[in-house]
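Have a look at model_7.cif; it's mmCIF, C-alpha atoms and all ligand atoms:
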```cif
data_model
loop_
_atom_site.label_atom_id
_atom_site.label_comp_id
_atom_site.auth_asym_id
_atom_site.auth_seq_id
_atom_site.Cartn_x
_atom_site.Cartn_y
_atom_site.Cartn_z
CA MET D 1 129.52 46.93 96.11
CA LYS D 2 126.24 48.07 97.62
CA THR D 3 125.36 51.14 99.66
CA ARG D 4 122.05 52.97 100.03
CA VAL D 5 123.27 55.27 97.25
CA THR D 6 124.01 52.50 94.74
CA GLU D 7 120.56 51.03 95.48
CA LEU D 8 118.82 54.42 95.23
CA LEU D 9 120.44 55.33 91.93
CA GLY D 10 120.66 51.86 90.38
CA ILE D 11 124.43 51.99 89.88
CA GLU D 12 127.22 49.46 90.49
CA ALA D 13 130.02 51.68 91.84
CA PRO D 14 129.34 54.40 94.46
CA ILE D 15 130.84 57.08 92.21
CA ILE D 16 128.93 60.08 90.89
CA GLN D 17 130.59 62.22 88.26
CA GLY D 18 130.68 65.90 89.18
CA ALA D 19 128.49 68.11 87.01
CA MET D 20 131.08 70.45 85.56
CA ALA D 21 129.52 73.27 83.52
CA TRP D 22 130.60 73.33 79.83
CA VAL D 23 132.52 70.07 80.53
CA ALA D 24 130.06 67.39 81.61
CA ASN D 25 128.21 66.60 78.38
CA ALA D 26 126.42 63.47 77.16
CA GLN D 27 129.68 61.79 76.05
CA LEU D 28 131.35 62.08 79.45
CA ALA D 29 128.18 61.25 81.40
CA ALA D 30 127.41 58.18 79.29
CA ALA D 31 131.00 56.93 79.65
CA VAL D 32 130.86 57.20 83.46
CA SER D 33 127.45 55.51 83.60
CA GLU D 34 128.68 52.73 81.29
CA ALA D 35 131.65 52.32 83.68
CA GLY D 36 129.21 51.62 86.52
CA GLY D 37 129.06 55.04 88.19
CA LEU D 38 126.49 57.78 87.65
CA GLY D 39 127.25 60.13 84.78
CA VAL D 40 125.77 63.60 85.17
CA ILE D 41 125.11 66.16 82.44
CA ALA D 42 125.76 69.73 83.60
CA SER D 43 123.12 72.13 82.33
CA GLY D 44 125.25 75.09 83.51
CA ALA D 45 124.25 78.18 81.58
CA ALA D 46 123.35 76.23 78.42
CA PRO D 47 120.16 76.85 76.38
CA LEU D 48 117.15 74.59 76.95
CA ASP D 49 117.40 72.91 73.55
CA TRP D 50 121.04 71.96 74.19
CA ILE D 51 120.08 70.37 77.52
CA GLU D 52 117.26 68.38 75.97
CA ALA D 53 119.47 67.22 73.08
CA GLN D 54 122.23 66.13 75.50
CA VAL D 55 119.78 64.11 77.60
CA GLU D 56 118.49 62.41 74.44
CA LEU D 57 122.04 61.76 73.21
CA ALA D 58 123.07 60.26 76.55
CA ARG D 59 119.99 58.02 76.53
CA SER D 60 121.02 56.78 73.07
CA LEU D 61 124.58 56.07 74.30
CA THR D 62 123.65 54.13 77.44
CA LYS D 63 120.65 52.40 78.90
CA LYS D 64 122.04 52.98 82.41
CA PRO D 65 120.81 55.81 84.63
CA ILE D 66 121.98 59.35 83.84
CA GLY D 67 121.79 62.41 86.03
CA VAL D 68 121.28 66.04 85.07
CA ASN D 69 122.50 68.95 87.18
CA ILE D 70 120.89 72.35 87.50
CA MET D 71 123.03 75.30 88.50
CA LEU D 72 120.67 77.40 90.58
CA MET D 73 122.48 80.73 90.12
CA ASN D 74 121.40 80.51 86.48
CA PRO D 75 118.64 83.11 85.87
CA GLN D 76 116.92 80.44 83.73
CA ALA D 77 116.84 77.88 86.57
CA ALA D 78 113.01 77.75 86.75
CA GLU D 79 112.71 76.90 83.03
CA ILE D 80 115.41 74.23 83.32
CA ALA D 81 113.69 72.80 86.40
CA ARG D 82 110.49 72.45 84.38
CA LEU D 83 112.33 70.84 81.47
CA LEU D 84 113.91 68.24 83.77
CA THR D 85 110.46 67.38 85.13
CA GLU D 86 109.14 66.94 81.58
CA LEU D 87 112.14 64.82 80.60
CA ARG D 88 111.73 62.74 83.78
CA ALA D 89 115.46 62.79 84.43
CA ASP D 90 116.52 59.66 86.38
CA VAL D 91 118.48 61.75 88.86
CA ILE D 92 118.58 65.51 89.36
CA THR D 93 121.50 67.05 91.22
CA THR D 94 121.57 70.75 92.05
CA GLY D 95 124.30 73.23 92.90
CA ALA D 96 125.00 76.81 93.91
CA GLY D 97 121.71 77.40 95.70
CA SER D 98 118.64 75.84 97.27
CA PRO D 99 116.21 73.86 95.05
CA SER D 100 113.41 73.99 97.67
CA GLU D 101 110.73 75.23 95.28
CA TYR D 102 111.32 72.47 92.70
CA ILE D 103 111.66 69.31 94.79
CA GLU D 104 107.95 68.49 94.99
CA ASP D 105 107.47 68.55 91.19
CA TRP D 106 110.61 66.50 90.57
CA LYS D 107 109.55 63.87 93.10
CA ALA D 108 106.05 63.74 91.59
CA ALA D 109 107.67 63.06 88.19
CA GLY D 110 109.58 60.11 89.69
CA CYS D 111 113.03 61.74 89.64
CA ARG D 112 115.61 61.05 92.34
CA VAL D 113 116.62 64.40 93.86
CA VAL D 114 120.15 64.87 95.16
CA PRO D 115 121.09 68.48 96.05
CA VAL D 116 124.66 69.62 96.64
CA VAL D 117 124.96 71.27 100.05
CA ALA D 118 127.80 73.23 101.61
CA SER D 119 126.35 73.26 105.16
CA SER D 120 124.44 70.89 107.46
CA ALA D 121 121.62 73.46 107.77
CA LEU D 122 120.84 73.18 104.05
CA ALA D 123 121.22 69.38 104.23
CA GLN D 124 118.58 69.22 106.96
CA ARG D 125 116.25 71.49 104.98
CA MET D 126 116.70 69.28 101.90
CA GLU D 127 115.88 66.15 103.91
CA ARG D 128 112.72 67.78 105.29
CA LEU D 129 111.59 68.72 101.77
CA GLY D 130 112.00 65.17 100.47
CA ALA D 131 115.48 64.97 98.92
CA ASP D 132 116.61 61.37 98.41
CA ALA D 133 120.25 62.02 99.35
CA VAL D 134 122.61 64.99 99.60
CA ILE D 135 126.05 65.67 98.21
CA ALA D 136 128.20 67.34 100.90
CA GLU D 137 130.78 69.29 98.91
CA GLY D 138 133.81 70.69 100.69
CA CYS D 139 135.84 73.68 99.55
CA GLU D 140 138.68 71.55 98.17
CA ALA D 141 136.39 71.17 95.16
CA GLY D 142 136.79 73.06 91.92
CA GLY D 143 134.33 75.66 90.67
CA HIS D 144 131.85 77.40 92.96
CA ILE D 145 132.54 76.46 96.60
CA GLY D 146 131.32 76.98 100.15
CA GLU D 147 133.37 77.64 103.31
CA LEU D 148 133.80 74.22 104.95
CA THR D 149 136.29 71.52 104.14
CA THR D 150 135.16 68.02 103.22
CA MET D 151 136.79 66.67 106.39
CA ALA D 152 134.55 68.87 108.58
CA LEU D 153 131.41 69.03 106.42
CA VAL D 154 130.85 65.33 105.64
CA PRO D 155 130.74 64.00 109.24
CA SER D 156 128.74 67.06 110.34
CA VAL D 157 126.10 66.40 107.66
CA CYS D 158 126.12 62.63 108.34
CA ASP D 159 125.37 63.34 112.02
CA ARG D 160 122.39 65.54 111.19
CA VAL D 161 120.46 63.77 108.42
CA SER D 162 119.18 60.21 107.97
CA ILE D 163 119.22 60.22 104.16
CA PRO D 164 122.44 59.00 102.51
CA VAL D 165 125.35 61.42 102.17
CA ILE D 166 127.66 61.59 99.17
CA ALA D 167 131.05 63.18 99.84
CA ALA D 168 132.57 65.61 97.34
CA GLY D 169 135.59 67.88 97.16
CA GLY D 170 139.14 66.60 97.44
CA ILE D 171 138.53 63.03 96.30
CA ALA D 172 140.43 61.65 93.31
CA ASP D 173 141.49 58.10 94.14
CA GLY D 174 140.74 55.04 96.25
CA ARG D 175 142.34 56.62 99.31
CA GLY D 176 139.87 59.48 99.11
CA ILE D 177 136.92 57.12 98.67
CA CYS D 178 138.01 55.07 101.68
CA ALA D 179 138.46 58.25 103.75
CA ALA D 180 135.02 59.55 102.70
CA PHE D 181 133.43 56.26 103.73
CA ALA D 182 135.21 56.46 107.09
CA LEU D 183 133.54 59.87 107.56
CA GLY D 184 130.12 58.32 106.98
CA ALA D 185 129.55 58.88 103.25
CA GLU D 186 127.90 56.15 101.17
CA ALA D 187 129.23 57.36 97.82
CA VAL D 188 131.55 60.01 96.43
CA GLN D 189 131.23 62.66 93.76
CA ILE D 190 134.33 63.08 91.63
CA GLY D 191 134.90 65.93 89.20
CA THR D 192 138.54 66.86 88.68
CA ARG D 193 139.77 63.29 88.08
CA PHE D 194 137.29 62.98 85.19
CA LEU D 195 138.58 66.14 83.47
CA THR D 196 141.44 64.24 81.85
CA VAL D 197 139.67 61.00 80.87
CA ASP D 198 139.62 60.10 77.18
CA GLU D 199 135.86 60.65 76.91
CA CYS D 200 136.04 64.18 78.34
CA THR D 201 135.81 66.53 75.35
CA ILE D 202 137.47 69.66 76.80
CA SER D 203 140.50 71.14 75.05
CA ASP D 204 143.84 69.40 75.36
CA ALA D 205 145.30 72.65 76.69
CA TYR D 206 142.94 72.49 79.73
CA LYS D 207 143.76 68.80 80.29
CA GLU D 208 147.51 69.48 80.16
CA GLU D 209 147.25 72.18 82.84
CA VAL D 210 145.35 69.77 85.13
CA LEU D 211 147.93 67.02 84.53
CA LYS D 212 150.78 69.43 85.36
CA ALA D 213 149.18 70.96 88.47
CA LYS D 214 150.86 70.69 91.87
CA ASP D 215 149.11 70.96 95.23
CA SER D 216 149.64 74.73 95.49
CA ASP D 217 148.41 75.46 91.97
CA THR D 218 144.76 76.31 92.68
CA ILE D 219 143.44 79.73 93.71
CA VAL D 220 140.04 81.00 94.88
CA THR D 221 138.65 84.12 93.23
CA GLY D 222 135.27 85.82 93.65
CA ARG D 223 135.16 85.76 97.45
CA ALA D 224 134.39 89.50 97.55
CA SER D 225 131.31 89.14 95.33
CA GLY D 226 130.04 86.20 97.40
CA HIS D 227 130.63 83.63 94.66
CA PRO D 228 133.98 82.01 95.41
CA VAL D 229 135.35 79.86 92.60
CA ARG D 230 138.37 77.56 92.73
CA ALA D 231 140.44 77.24 89.55
CA LEU D 232 144.03 76.62 88.52
CA LYS D 233 146.42 79.55 88.77
CA ASN D 234 146.99 81.15 85.37
CA ALA D 235 147.08 84.62 83.85
CA TYR D 236 143.27 84.85 84.06
CA SER D 237 142.81 83.84 87.70
CA ARG D 238 145.77 85.91 88.89
CA ALA D 239 144.41 88.98 87.05
CA ALA D 240 140.94 88.37 88.52
CA ARG D 241 142.44 88.24 91.99
CA ARG D 242 144.39 91.47 91.40
CA MET D 243 141.23 93.25 90.22
CA GLU D 244 139.32 91.97 93.27
CA GLU D 245 142.01 93.29 95.61
CA ASP D 246 142.16 96.72 93.94
CA PRO D 247 139.63 99.07 95.60
CA ALA D 248 139.47 101.09 92.37
CA THR D 249 137.99 98.16 90.42
CA ASP D 250 134.51 98.80 89.05
CA PRO D 251 132.29 95.82 90.05
CA ALA D 252 130.68 95.82 86.58
CA ALA D 253 134.10 95.57 84.94
CA LEU D 254 134.91 92.63 87.20
CA GLU D 255 131.67 90.86 86.27
CA ALA D 256 132.52 91.42 82.59
CA PHE D 257 135.98 89.97 83.22
CA TYR D 258 134.46 86.80 84.75
CA ALA D 259 131.87 86.36 81.99
CA GLY D 260 132.51 83.46 79.64
CA SER D 261 135.82 82.55 81.34
CA LEU D 262 135.07 78.86 81.90
CA ARG D 263 133.86 78.40 78.36
CA ARG D 264 137.08 79.96 77.04
CA ALA D 265 139.15 77.41 79.01
CA VAL D 266 137.02 74.50 77.82
CA GLU D 267 137.50 75.70 74.24
CA GLY D 268 141.28 75.86 74.58
CA ASP D 269 142.36 79.23 75.97
CA ALA D 270 144.43 78.04 78.93
CA LYS D 271 145.75 81.57 79.59
CA ASN D 272 142.62 83.75 79.53
CA GLY D 273 140.11 81.10 80.55
CA SER D 274 139.08 79.89 84.00
CA LEU D 275 140.60 76.42 84.42
CA MET D 276 138.22 75.31 87.17
CA ALA D 277 139.66 72.35 89.06
CA GLY D 278 139.82 71.08 92.62
CA GLN D 279 142.85 70.89 94.90
CA VAL D 280 143.20 67.23 93.91
CA ALA D 281 144.38 68.29 90.44
CA CYS D 282 147.77 67.38 91.99
CA LEU D 283 146.56 63.74 92.14
CA VAL D 284 145.63 63.69 88.46
CA PHE D 285 148.64 62.89 86.31
CA GLU D 286 147.58 60.38 83.72
CA ARG D 287 145.21 59.98 80.81
CA LYS D 288 142.92 56.97 81.07
CA SER D 289 139.41 55.98 80.08
CA ALA D 290 136.48 56.63 82.42
CA ARG D 291 136.15 52.86 82.86
CA GLU D 292 139.81 52.51 83.90
CA VAL D 293 139.50 55.37 86.38
CA VAL D 294 136.33 53.96 87.98
CA SER D 295 137.64 50.43 88.28
CA GLU D 296 141.08 51.51 89.50
CA MET D 297 139.64 53.79 92.19
CA MET D 298 137.25 51.09 93.38
CA ALA D 299 140.01 48.45 93.52
CA GLU D 300 142.20 50.81 95.60
CA ALA D 301 139.32 51.65 97.95
CA GLU D 302 138.34 48.00 98.42
CA ALA D 303 141.95 47.01 99.17
CA LEU D 304 142.31 49.79 101.75
CA GLY D 305 138.94 48.93 103.26
CA ARG D 306 140.15 45.44 104.09
CA LYS D 307 143.04 46.75 106.21
CA GLY D 308 143.03 47.30 109.95
CA LEU D 309 143.91 50.70 111.39
CA SER D 310 147.58 49.98 112.08
CA GLU D 311 148.00 48.52 108.62
CA LEU D 312 146.31 51.63 107.19
CA ALA D 313 148.71 53.82 109.15
CA ALA D 314 151.61 52.04 107.49
CA HIS D 315 150.13 52.64 104.06
CA ASN D 316 151.73 55.85 102.90
CA ALA D 317 152.51 55.37 99.26
CA CYS D 318 150.56 56.64 96.28
CA PRO D 319 148.67 53.68 94.85
CA ARG D 320 149.71 54.72 91.33
CA PRO D 321 153.20 55.34 90.05
CA LEU D 322 153.99 59.06 90.11
CA PRO D 323 155.11 60.57 86.80
O1 LIG Q 401 127.82 74.53 92.00
C1 LIG Q 401 128.90 74.04 92.24
N1 LIG Q 401 129.99 74.28 91.51
C2 LIG Q 401 130.02 75.08 90.40
S1 LIG Q 401 128.71 75.87 89.67
C3 LIG Q 401 129.72 76.52 88.51
S2 LIG Q 401 129.15 77.56 87.26
C4 LIG Q 401 129.79 79.03 87.74
N2 LIG Q 401 130.56 79.64 86.88
C5 LIG Q 401 131.10 80.82 87.18
C6 LIG Q 401 130.88 81.41 88.40
C7 LIG Q 401 130.11 80.78 89.31
C8 LIG Q 401 129.56 79.56 88.99
C9 LIG Q 401 130.98 76.11 88.71
N3 LIG Q 401 131.13 75.30 89.77
N4 LIG Q 401 129.06 73.20 93.29
C10 LIG Q 401 127.99 72.90 94.15
C11 LIG Q 401 127.96 73.83 95.28
N5 LIG Q 401 126.87 74.31 95.78
N6 LIG Q 401 129.01 74.31 95.94
C12 LIG Q 401 128.54 75.14 96.90
C13 LIG Q 401 127.18 75.13 96.79
C14 LIG Q 401 126.20 75.80 97.58
C15 LIG Q 401 126.54 76.97 98.27
C16 LIG Q 401 125.58 77.61 99.02
C17 LIG Q 401 124.91 75.33 97.64
C18 LIG Q 401 123.96 75.98 98.37
C19 LIG Q 401 124.31 77.12 99.06
O2 LIG Q 401 123.42 77.79 99.82
C20 LIG Q 401 122.10 77.93 99.36
C21 LIG Q 401 121.17 78.44 100.39
O3 LIG Q 401 120.17 79.03 99.98
O4 LIG Q 401 121.43 78.20 101.59
#
```
For this file, produce the structure as structure tokens.
Ligand code: TUI
Amino acid sequence: MKTRVTELLGIEAPIIQGAMAWVANAQLAAAVSEAGGLGVIASGAAPLDWIEAQVELARSLTKKPIGVNIMLMNPQAAEIARLLTELRADVITTGAGSPSEYIEDWKAAGCRVVPVVASSALAQRMERLGADAVIAEGCEAGGHIGELTTMALVPSVCDRVSIPVIAAGGIADGRGICAAFALGAEAVQIGTRFLTVDECTISDAYKEEVLKAKDSDTIVTGRASGHPVRALKNAYSRAARRMEEDPATDPAALEAFYAGSLRRAVEGDAKNGSLMAGQVACLVFERKSAREVVSEMMAEAEALGRKGLSELAAHNACPRPLP
């Protein structure tokens, strides 16, 4: 299918893989791009030489477009921004901040620029500065989140910018894609559903927790410090929340407690690591390949898209067999 986003990015399915730090490497990104979506390498807090090597590895694994994400809270963001210009990344997505100062250089290098926004104000600023599209990410998402839900944010952004909008947060199947399109989005970004695909190289312990999760199993920590993060409930996230709620907690001790927590989860410590995942972890209950996930979600969305409203209202069953 075609939308302005598939045309802009040169992809077949309007699905962008979320750039999950320590998770979204060349293997996962190449698998999603090979499946017809846009794979995205997360630069997270990784060293420059790792980022460059991952981009080169992805380019050797697929000839299709690949995106790279820059996490703007990273103190090294300026260096990474320069590296992505030099590498002429096909697509650059950004998160956790405003990429205003980098957009001009990226555009001059021929990159497509697609910032993640959590408000319509930032979306409008990004459009003015030359962004090609924006990803409107609601707080159902995993990891670092804003305040608004996808249901409120996506139509609000769509009403206020002319560039294409990609919906993110709370989408894990064809129903979610169809709903996002009804809100005005022209593509979706999907993170959590890709955590458990065969090509995702995170620990099995992390994958098992995602597969087991129910709808009430995520928690938001870090609100007090201004960096809210959604993750699965476990010993780590519950302890973080307790420390945040205790007025006697030393802020430096809390920062030290957060440090390295995502990496620990990715490497297999499902108790003391931060198992970042979105609320839709409850919709993820099977292990499949990236290709199967992309084609299944698109088939579900296309089938729903052919229905009229009253037929849609009668559709109330999960499109996949529940475990
Ligand atoms: O960035 C994300 N999700 C992330 S980044 C990350 S790494 C991390 N690890 C530990 C602690 C904190 C982060 C894990 N997950 N999503 C994109 C996103 N961007 N969500 C929300 C925003 C956002 C919020 C405010 C973007 C811009 C913004 O305002 C910027 C401004 O200047 O107005």
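For the choices D:Thr201, D:Asn25, D:Ser100, D:Ser274, the atom-to-atom distance to Gly222 (chain D) is smallest for D:Ser274 when using all atoms listed in the file.
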Closest atom pairs, chain D residues within 7 Å of ligand LIG 401 (chain Q), only C-alpha atoms and all ligand atoms, as JSON lines:
```
{"residue": "D:Met20", "atom": "CA", "partner": "Q:LIG401", "partner_atom": "N3", "distance": 6.4}
{"residue": "D:Ala21", "atom": "CA", "partner": "Q:LIG401", "partner_atom": "S2", "distance": 5.7}
{"residue": "D:Gly44", "atom": "CA", "partner": "Q:LIG401", "partner_atom": "S2", "distance": 5.9}
{"residue": "D:Met71", "atom": "CA", "partner": "Q:LIG401", "partner_atom": "S1", "distance": 5.8}
{"residue": "D:Gly95", "atom": "CA", "partner": "Q:LIG401", "partner_atom": "O1", "distance": 3.9}
{"residue": "D:Ala96", "atom": "CA", "partner": "Q:LIG401", "partner_atom": "N5", "distance": 3.6}
{"residue": "D:Gly97", "atom": "CA", "partner": "Q:LIG401", "partner_atom": "C20", "distance": 3.7}
{"residue": "D:Ser98", "atom": "CA", "partner": "Q:LIG401", "partner_atom": "O3", "distance": 4.5}
{"residue": "D:Val116", "atom": "CA", "partner": "Q:LIG401", "partner_atom": "N5", "distance": 5.3}
{"residue": "D:Val117", "atom": "CA", "partner": "Q:LIG401", "partner_atom": "C17", "distance": 4.7}
{"residue": "D:Ala118", "atom": "CA", "partner": "Q:LIG401", "partner_atom": "C14", "distance": 5.0}
{"residue": "D:Leu122", "atom": "CA", "partner": "Q:LIG401", "partner_atom": "O4", "distance": 5.6}
{"residue": "D:Glu137", "atom": "CA", "partner": "Q:LIG401", "partner_atom": "N6", "distance": 6.1}
{"residue": "D:Gly142", "atom": "CA", "partner": "Q:LIG401", "partner_atom": "N3", "distance": 6.5}
{"residue": "D:Gly143", "atom": "CA", "partner": "Q:LIG401", "partner_atom": "N3", "distance": 3.3}
{"residue": "D:His144", "atom": "CA", "partner": "Q:LIG401", "partner_atom": "N3", "distance": 3.9}
{"residue": "D:Ile145", "atom": "CA", "partner": "Q:LIG401", "partner_atom": "N6", "distance": 4.2}
{"residue": "D:Gly146", "atom": "CA", "partner": "Q:LIG401", "partner_atom": "C12", "distance": 4.7}
{"residue": "D:His227", "atom": "CA", "partner": "Q:LIG401", "partner_atom": "C7", "distance": 6.1}
{"residue": "D:Val229", "atom": "CA", "partner": "Q:LIG401", "partner_atom": "C7", "distance": 6.3}
{"residue": "D:Leu262", "atom": "CA", "partner": "Q:LIG401", "partner_atom": "N2", "distance": 6.8}
```
Rows by chain and residue number, region 164-279 of chain D within 8 Å of region 286-304 of chain D, shortest pair, all atoms listed in the file, as JSON lines:
```
{"residue": "D:Ala172", "atom": "CA", "partner": "D:Met297", "partner_atom": "CA", "distance": 8.0}
{"residue": "D:Asp173", "atom": "CA", "partner": "D:Met297", "partner_atom": "CA", "distance": 5.1}
{"residue": "D:Gly174", "atom": "CA", "partner": "D:Ala301", "partner_atom": "CA", "distance": 4.0}
{"residue": "D:Arg175", "atom": "CA", "partner": "D:Ala301", "partner_atom": "CA", "distance": 6.0}
{"residue": "D:Gly176", "atom": "CA", "partner": "D:Ala301", "partner_atom": "CA", "distance": 7.9}
{"residue": "D:Ile177", "atom": "CA", "partner": "D:Ala301", "partner_atom": "CA", "distance": 6.0}
{"residue": "D:Cys178", "atom": "CA", "partner": "D:Ala301", "partner_atom": "CA", "distance": 5.2}
{"residue": "D:Phe194", "atom": "CA", "partner": "D:Ala290", "partner_atom": "CA", "distance": 7.0}
{"residue": "D:Thr196", "atom": "CA", "partner": "D:Arg287", "partner_atom": "CA", "distance": 5.8}
{"residue": "D:Val197", "atom": "CA", "partner": "D:Ser289", "partner_atom": "CA", "distance": 5.1}
{"residue": "D:Asp198", "atom": "CA", "partner": "D:Ser289", "partner_atom": "CA", "distance": 5.0}
{"residue": "D:Glu199", "atom": "CA", "partner": "D:Ser289", "partner_atom": "CA", "distance": 6.7}
{"residue": "D:Leu211", "atom": "CA", "partner": "D:Glu286", "partner_atom": "CA", "distance": 6.7}
```
Write to file, as a PDB file, in the frame of the given file, the residues of the selection just made, with C-alpha atoms.
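Output saved as result-v7.pdb:
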```
ATOM      1  CA  ALA D 172     140.430  61.650  93.310  1.00  0.00           C
ATOM      2  CA  ASP D 173     141.490  58.100  94.140  1.00  0.00           C
ATOM      3  CA  GLY D 174     140.740  55.040  96.250  1.00  0.00           C
ATOM      4  CA  ARG D 175     142.340  56.620  99.310  1.00  0.00           C
ATOM      5  CA  GLY D 176     139.870  59.480  99.110  1.00  0.00           C
ATOM      6  CA  ILE D 177     136.920  57.120  98.670  1.00  0.00           C
ATOM      7  CA  CYS D 178     138.010  55.070 101.680  1.00  0.00           C
ATOM      8  CA  PHE D 194     137.290  62.980  85.190  1.00  0.00           C
ATOM      9  CA  THR D 196     141.440  64.240  81.850  1.00  0.00           C
ATOM     10  CA  VAL D 197     139.670  61.000  80.870  1.00  0.00           C
ATOM     11  CA  ASP D 198     139.620  60.100  77.180  1.00  0.00           C
ATOM     12  CA  GLU D 199     135.860  60.650  76.910  1.00  0.00           C
ATOM     13  CA  LEU D 211     147.930  67.020  84.530  1.00  0.00           C
TER      14      LEU D 211
END
```
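For the choices D:Ala152, D:Ala182, D:Ala30, D:Leu8, the atom-to-atom distance to Val114 (chain D) is smallest for D:Leu8 when using all atoms listed in the file.
For the pair CA of Asp246 (chain D) and CA of Ala265 (chain D), the interatomic distance is 24.6 Å.
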Should you be able to, write region 15-21 of chain D of this structure into a file that contains all heavy atoms, as a compact mmCIF listing (two decimals), in the first residue's frame.
```txt
# COMPACT_ATOMS: atom_id res chain seq x y z
N ILE D 15 5.14 0.79 8.09
CA ILE D 15 5.51 0.38 9.45
C ILE D 15 6.97 0.74 9.70
O ILE D 15 7.87 0.29 8.98
CB ILE D 15 5.30 -1.14 9.63
CG1 ILE D 15 3.80 -1.47 9.51
CG2 ILE D 15 5.87 -1.62 10.97
CD1 ILE D 15 3.48 -2.95 9.59
N ILE D 16 7.18 1.54 10.73
CA ILE D 16 8.54 1.94 11.12
C ILE D 16 8.83 1.25 12.44
O ILE D 16 7.99 1.27 13.35
CB ILE D 16 8.60 3.47 11.23
CG1 ILE D 16 8.49 4.03 9.80
CG2 ILE D 16 9.88 3.95 11.88
CD1 ILE D 16 7.70 5.24 9.70
N GLN D 17 9.98 0.63 12.53
CA GLN D 17 10.33 -0.08 13.77
C GLN D 17 10.85 0.94 14.79
O GLN D 17 11.66 1.80 14.46
CB GLN D 17 11.38 -1.15 13.43
CG GLN D 17 12.12 -1.76 14.59
CD GLN D 17 13.58 -1.44 14.48
OE1 GLN D 17 14.17 -1.62 13.42
NE2 GLN D 17 14.17 -0.94 15.54
N GLY D 18 10.32 0.88 15.99
CA GLY D 18 10.74 1.81 17.04
C GLY D 18 12.22 1.62 17.35
O GLY D 18 12.74 0.50 17.35
N ALA D 19 12.88 2.76 17.65
CA ALA D 19 14.33 2.74 17.87
C ALA D 19 14.61 2.49 19.35
O ALA D 19 14.79 3.42 20.11
CB ALA D 19 14.91 4.07 17.45
N MET D 20 14.62 1.25 19.75
CA MET D 20 14.77 0.92 21.16
C MET D 20 16.26 0.81 21.52
O MET D 20 16.97 -0.03 20.99
CB MET D 20 14.02 -0.39 21.43
CG MET D 20 12.53 -0.27 21.06
SD MET D 20 11.66 -1.83 20.95
CE MET D 20 12.19 -2.47 19.36
N ALA D 21 16.68 1.70 22.44
CA ALA D 21 18.09 1.73 22.84
C ALA D 21 18.55 0.37 23.36
O ALA D 21 17.79 -0.30 24.07
CB ALA D 21 18.29 2.80 23.92
```
